[in-house]
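Encoded as structure tokens, the structure appears first; notes follow it.
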Amino acid sequence: MTPPASSPASLSPAAALAALRAAAPLTQCITNYVAMNIAANTLLAAGAAPAMVHTAEESGAFARIARAVTINIGTLSPAWVEGMTGAIAAATEVGTPWVLDPVAHFASPYRAGVARDLLSRRPTILRGNASEILALAGGDTTAKGVDTTDPVVAAGPAAQVLAREFGSIVAVTGPVDLVTDGTRIATITGGSPWMPRITALGCSLTCLMGSFAAVAAPLDAAVAALTLFAEAGERADRLAEGPGTFSWRFLDALAAVSPNDLMNTTRVTWA
Amino acid sequence: MTPPASSPASLSPAAALAALRAAAPLTQCITNYVAMNIAANTLLAAGAAPAMVHTAEESGAFARIARAVTINIGTLSPAWVEGMTGAIAAATEVGTPWVLDPVAHFASPYRAGVARDLLSRRPTILRGNASEILALAGGDTTAKGVDTTDPVVAAGPAAQVLAREFGSIVAVTGPVDLVTDGTRIATITGGSPWMPRITALGCSLTCLMGSFAAVAAPLDAAVAALTLFAEAGERADRLAEGPGTFSWRFLDALAAVSPNDLMNTTRVTWA
Amino acid sequence: MTPPASSPASLSPAAALAALRAAAPLTQCITNYVAMNIAANTLLAAGAAPAMVHTAEESGAFARIARAVTINIGTLSPAWVEGMTGAIAAATEVGTPWVLDPVAHFASPYRAGVARDLLSRRPTILRGNASEILALAGGDTTAKGVDTTDPVVAAGPAAQVLAREFGSIVAVTGPVDLVTDGTRIATITGGSPWMPRITALGCSLTCLMGSFAAVAAPLDAAVAALTLFAEAGERADRLAEGPGTFSWRFLDALAAVSPNDLMNTTRVTWA
């Protein structure tokens, strides 16, 4: 499989999905209590191997055998933050990619401090909604909780600034998603209006980006994960009668989408 | 929308649901590990904005920006109790409503002590099953775990005593639900026999009562949440083939029920 | 109901299920964050009464009133391990059966040490996948995460060694399941290829073995839980379009399978 002509990516979403299915990469997810089950099911449906290993007593040791690490501060507490930094240190030492999801980092001074500290450790990929990315770059947002109040496009410049400052791929998710390495920008279309009505789908996407980062370059990985989510989300949307239906149809669709289905996808546009 | 003539409530369930959908109130849920995902999905389906923020390092700060706080002791531990009391103190200080769910408080001396302490902080709404409410008022129950062994009606006097003593609205849930402010009593009918066969639906209802309490007076809020659950439960029941089907159909129904569907509801009876 | 002629069990799967439905045994599950919700729903669907009570401040007190205790190290941390050992000590003292699920115990030195310590406390039933059982008996495995890389049959001798050493019933789960008391071996067939693609079904099975152990001898309990899972899994498989569908159809099937459906089952073979 070769990437579509319009993409500078070295590995297309189709090829990345084929690689993920072949490798079933062991992905260490240190995520929040709300997301754990749906994130694990998301990875299993897509073809990856999730492992929720969080405590400081073993997070570093496990990061050395995992092929990717993902960090999400949704329900953080001091003991968990210790486990996060242990996993990040080990991942960094052995060159394993890691993804940061700074959930609602502006919601309290404690959370903001933790997010800043984790970001300073230079995640391979940083994923957030527009409000989260804007606020991380020092911009204004009216958001208070976990839901964004800003449009994705408004966060483009902030995403580029963060990408350059921390050497990270930055992904901003919303009705249209945006990914940048600081220079190039990809936008990804698709998905479903039900997606923000299901809890922790964004957190699950963060974990899946980790799995893709185990088999593809970070920029390609972020784009591939978003493309798979956009495709599966649109399929599930067609048959959903509400958020309950959507949830299980989305898992069915994640498992059903084949690399071939992503060949010649028109979801990704590079600028 | 005006409340049905038979109701002394200042805001009918229909009007309360319209207000909830308009405001999407940010609701801080400190709930148990079992409930977190389904509670968040329940609030999102109904139209509220859940945020699971529990640790003492930020629970108080977040309670100052949340529009309601809900506390559930299902899987309590000392660190979580510290987060709970921090959130309650902040909510009380700024006049934000908070809801207490004393899950199986009689199951251990530790749990009983925590429940008594939290109750003494005078929750805006107290929600439990009949066994939990009876035991809180000093009555006898044969219940040991999370499931009730007593009929709702048997807990009516206990609910009134607790409501008067702590200045709380008390909601007792079961096949027929009961709500009291210590003087008036409302009963709410509907729902499904599958509801006690799905874990954490009661916990999710507690969180939803918080969301309603952000947009309606506490008594109206408790009645509205119960009415929405009763309506959605009955809709889901019609199409459910078992507890698995029921779970997702219930979420679909929560999102599908409109304020109009609750106009002129006959589910609520005032005594 | 009498057990099938081919079985030495004193209580057949059919009779064990009837006993479980009659008793709805209170089952204390100290399990991982990923599994909590699906494990509770599994027990409720099957007819048991789950209670997730983990903290050391009450785990022992609750174990004294529970009819079975189950321990799973999937997302362990020091505070939880303290709760586990408290529950085990109390269960042992009062003669309540307890089940151990040593999830991915080889994944870190910390986890391995905890698993060895818990195993030394002589669980009534030990349940794991082939890689976990092989590694516990000192054998080699290439597994790193939560998924097995070894066939069930390869773990048979290891299961027998562990059963004799710790006086436990050992259950090894996979495409074909195996149960042994160190002498007799039962194999159980059925289930669905979707089962390992749903997170925490194995953990849920562990909890259900606890519920069965409250109403049947340990060997019969393990066989009955596996037989019910095999039957429900096969029913759900017939109608599943993917892992999402499978999840809820499996819960529907767990509730729908009757003791009568397990009479004269051909799923269990004794060697």
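Each chain in the structure tokens gets a letter, A, B and so on, in the order shown; residues start at 1 in every chain, and ligands are counted from 1 in the order they appear.
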Exercise. Can you tell me, as a list in words, what residues are no more than 10 Å from Ser131 (chain A) when counting only C-alpha atoms, ignoring any on the same chain fewer than 4 positions away?
Worked result: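 The filter keeps Val103, Ala104, His105, Phe106, Ala135, Leu136, Gly139, Asp140, Thr141, Thr142, Ala143, Lys144, Gly145, Val146, Asp147, Thr148, Thr149, Asp150, Pro151, Val152, Ala154, Ala155 and Val172 of chain A.
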Grab the residues selected above and save them as an mmCIF file, in the first residue's frame with N, CA and C atoms.
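Saved the output as selection_26.cif:
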```cif
data_model
loop_
_atom_site.group_PDB
_atom_site.id
_atom_site.type_symbol
_atom_site.label_atom_id
_atom_site.label_comp_id
_atom_site.auth_asym_id
_atom_site.auth_seq_id
_atom_site.Cartn_x
_atom_site.Cartn_y
_atom_site.Cartn_z
ATOM 1 N N VAL A 103 -6.522 16.466 29.776
ATOM 2 C CA VAL A 103 -7.959 16.679 29.954
ATOM 3 C C VAL A 103 -8.277 17.848 30.889
ATOM 4 N N ALA A 104 -9.000 18.817 30.372
ATOM 5 C CA ALA A 104 -9.512 19.925 31.204
ATOM 6 C C ALA A 104 -8.445 20.497 32.120
ATOM 7 N N HIS A 105 -7.250 20.702 31.600
ATOM 8 C CA HIS A 105 -6.114 21.086 32.453
ATOM 9 C C HIS A 105 -6.313 22.452 33.098
ATOM 10 N N PHE A 106 -7.245 23.235 32.560
ATOM 11 C CA PHE A 106 -7.491 24.574 33.104
ATOM 12 C C PHE A 106 -8.510 24.563 34.239
ATOM 13 N N ALA A 135 -5.582 26.812 25.560
ATOM 14 C CA ALA A 135 -5.183 27.205 26.917
ATOM 15 C C ALA A 135 -3.747 26.778 27.218
ATOM 16 N N LEU A 136 -3.326 25.635 26.685
ATOM 17 C CA LEU A 136 -1.939 25.195 26.916
ATOM 18 C C LEU A 136 -0.953 26.171 26.303
ATOM 19 N N GLY A 139 -3.452 30.820 25.473
ATOM 20 C CA GLY A 139 -4.590 31.556 24.933
ATOM 21 C C GLY A 139 -5.770 31.559 25.888
ATOM 22 N N ASP A 140 -6.798 32.271 25.499
ATOM 23 C CA ASP A 140 -8.003 32.350 26.323
ATOM 24 C C ASP A 140 -9.008 31.290 25.897
ATOM 25 N N THR A 141 -9.749 30.776 26.860
ATOM 26 C CA THR A 141 -10.864 29.888 26.571
ATOM 27 C C THR A 141 -11.922 30.125 27.626
ATOM 28 N N THR A 142 -13.163 29.928 27.245
ATOM 29 C CA THR A 142 -14.243 30.040 28.228
ATOM 30 C C THR A 142 -14.599 28.671 28.793
ATOM 31 N N ALA A 143 -13.894 27.617 28.340
ATOM 32 C CA ALA A 143 -14.219 26.262 28.782
ATOM 33 C C ALA A 143 -13.913 26.099 30.265
ATOM 34 N N LYS A 144 -14.736 25.312 30.928
ATOM 35 C CA LYS A 144 -14.494 25.027 32.343
ATOM 36 C C LYS A 144 -14.310 23.533 32.603
ATOM 37 N N GLY A 145 -15.098 22.713 31.933
ATOM 38 C CA GLY A 145 -15.064 21.282 32.181
ATOM 39 C C GLY A 145 -14.342 20.550 31.074
ATOM 40 N N VAL A 146 -14.805 19.357 30.785
ATOM 41 C CA VAL A 146 -14.107 18.512 29.830
ATOM 42 C C VAL A 146 -14.521 18.794 28.394
ATOM 43 N N ASP A 147 -15.554 19.609 28.204
ATOM 44 C CA ASP A 147 -16.025 19.854 26.845
ATOM 45 C C ASP A 147 -15.456 21.151 26.306
ATOM 46 N N THR A 148 -15.166 21.159 25.024
ATOM 47 C CA THR A 148 -14.586 22.330 24.397
ATOM 48 C C THR A 148 -15.653 23.386 24.153
ATOM 49 N N THR A 149 -15.242 24.623 24.170
ATOM 50 C CA THR A 149 -16.160 25.698 23.801
ATOM 51 C C THR A 149 -15.591 26.487 22.626
ATOM 52 N N ASP A 150 -14.472 26.030 22.090
ATOM 53 C CA ASP A 150 -13.811 26.738 20.995
ATOM 54 C C ASP A 150 -13.767 25.873 19.738
ATOM 55 N N PRO A 151 -13.830 26.495 18.562
ATOM 56 C CA PRO A 151 -13.754 25.718 17.322
ATOM 57 C C PRO A 151 -12.323 25.229 17.070
ATOM 58 N N VAL A 152 -12.214 24.092 16.396
ATOM 59 C CA VAL A 152 -10.896 23.497 16.137
ATOM 60 C C VAL A 152 -9.990 24.461 15.388
ATOM 61 N N ALA A 154 -9.718 27.546 15.366
ATOM 62 C CA ALA A 154 -9.157 28.616 16.190
ATOM 63 C C ALA A 154 -7.907 28.171 16.922
ATOM 64 N N ALA A 155 -7.745 26.850 17.061
ATOM 65 C CA ALA A 155 -6.604 26.334 17.812
ATOM 66 C C ALA A 155 -5.418 25.982 16.924
ATOM 67 N N VAL A 172 -5.634 18.245 17.383
ATOM 68 C CA VAL A 172 -6.775 18.954 17.962
ATOM 69 C C VAL A 172 -8.034 18.306 17.396
#
```
For this session: Write down as a ChimeraX atom specification the residues of region 28-147 of chain B whose backbone DSSP state falls under strand (DSSP E or B).
Result: /B:28-30,49-51,68-72,98-101,125-129
Problem set entry | Interface residues on chain B facing chain C, 9 Å, only C-alpha atoms, written as a PyMOL selection string | chain B and resi 33-38+74-78+107-111+144-147+196-200+241-248
Keeping only C-alpha atoms, write those residues as an mmCIF file, in the first residue's frame.
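Wrote it out as part_16.cif, contents follow:
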```cif
data_model
loop_
_atom_site.group_PDB
_atom_site.id
_atom_site.type_symbol
_atom_site.label_atom_id
_atom_site.label_comp_id
_atom_site.auth_asym_id
_atom_site.auth_seq_id
_atom_site.Cartn_x
_atom_site.Cartn_y
_atom_site.Cartn_z
ATOM 1 C CA TYR B 33 -15.421 3.201 40.097
ATOM 2 C CA VAL B 34 -18.265 0.980 38.905
ATOM 3 C CA ALA B 35 -20.528 3.914 38.104
ATOM 4 C CA MET B 36 -18.178 6.409 36.521
ATOM 5 C CA ASN B 37 -18.650 5.486 32.898
ATOM 6 C CA ILE B 38 -22.382 4.839 32.931
ATOM 7 C CA GLY B 74 -19.854 3.066 46.633
ATOM 8 C CA THR B 75 -16.111 2.379 46.471
ATOM 9 C CA LEU B 76 -14.869 4.768 49.131
ATOM 10 C CA SER B 77 -11.385 4.954 50.613
ATOM 11 C CA PRO B 78 -9.759 7.542 52.901
ATOM 12 C CA ALA B 107 -22.068 -2.766 55.138
ATOM 13 C CA SER B 108 -19.120 -1.959 57.432
ATOM 14 C CA PRO B 109 -18.377 0.227 60.450
ATOM 15 C CA TYR B 110 -16.006 2.336 58.336
ATOM 16 C CA ARG B 111 -18.646 2.994 55.709
ATOM 17 C CA LYS B 144 -26.116 -6.407 53.528
ATOM 18 C CA GLY B 145 -24.892 -5.332 50.111
ATOM 19 C CA VAL B 146 -25.874 -2.738 47.591
ATOM 20 C CA ASP B 147 -29.341 -4.104 46.926
ATOM 21 C CA PRO B 196 -31.933 -3.126 39.350
ATOM 22 C CA ARG B 197 -30.288 -5.737 37.095
ATOM 23 C CA ILE B 198 -27.994 -3.079 35.583
ATOM 24 C CA THR B 199 -25.182 -1.981 37.848
ATOM 25 C CA ALA B 200 -24.909 1.651 38.930
ATOM 26 C CA GLU B 241 -34.471 -8.555 25.387
ATOM 27 C CA GLY B 242 -32.294 -8.605 28.484
ATOM 28 C CA PRO B 243 -30.044 -6.433 30.637
ATOM 29 C CA GLY B 244 -27.561 -5.904 27.798
ATOM 30 C CA THR B 245 -30.155 -4.530 25.406
ATOM 31 C CA PHE B 246 -31.745 -2.511 28.165
ATOM 32 C CA SER B 247 -28.509 -0.666 28.957
ATOM 33 C CA TRP B 248 -28.043 0.906 25.563
#
```
Problem set entry | Among listed residues A:Ala87, A:Ala186, A:Leu208, A:Leu239, nearest Arg267 (chain A) (using only C-alpha atoms) |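 Between A:Ala87, A:Ala186, A:Leu208, A:Leu239, the residue approaching Arg267 (chain A) most closely is A:Ala186.
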Problem set entry | Secondary structure check, helix (DSSP H, G or I) residues of region 59-203 of chain A, as a ChimeraX atom specification | /A:59-63,78-94,105-107,109-119,130-136,152-166,195-197,201-203
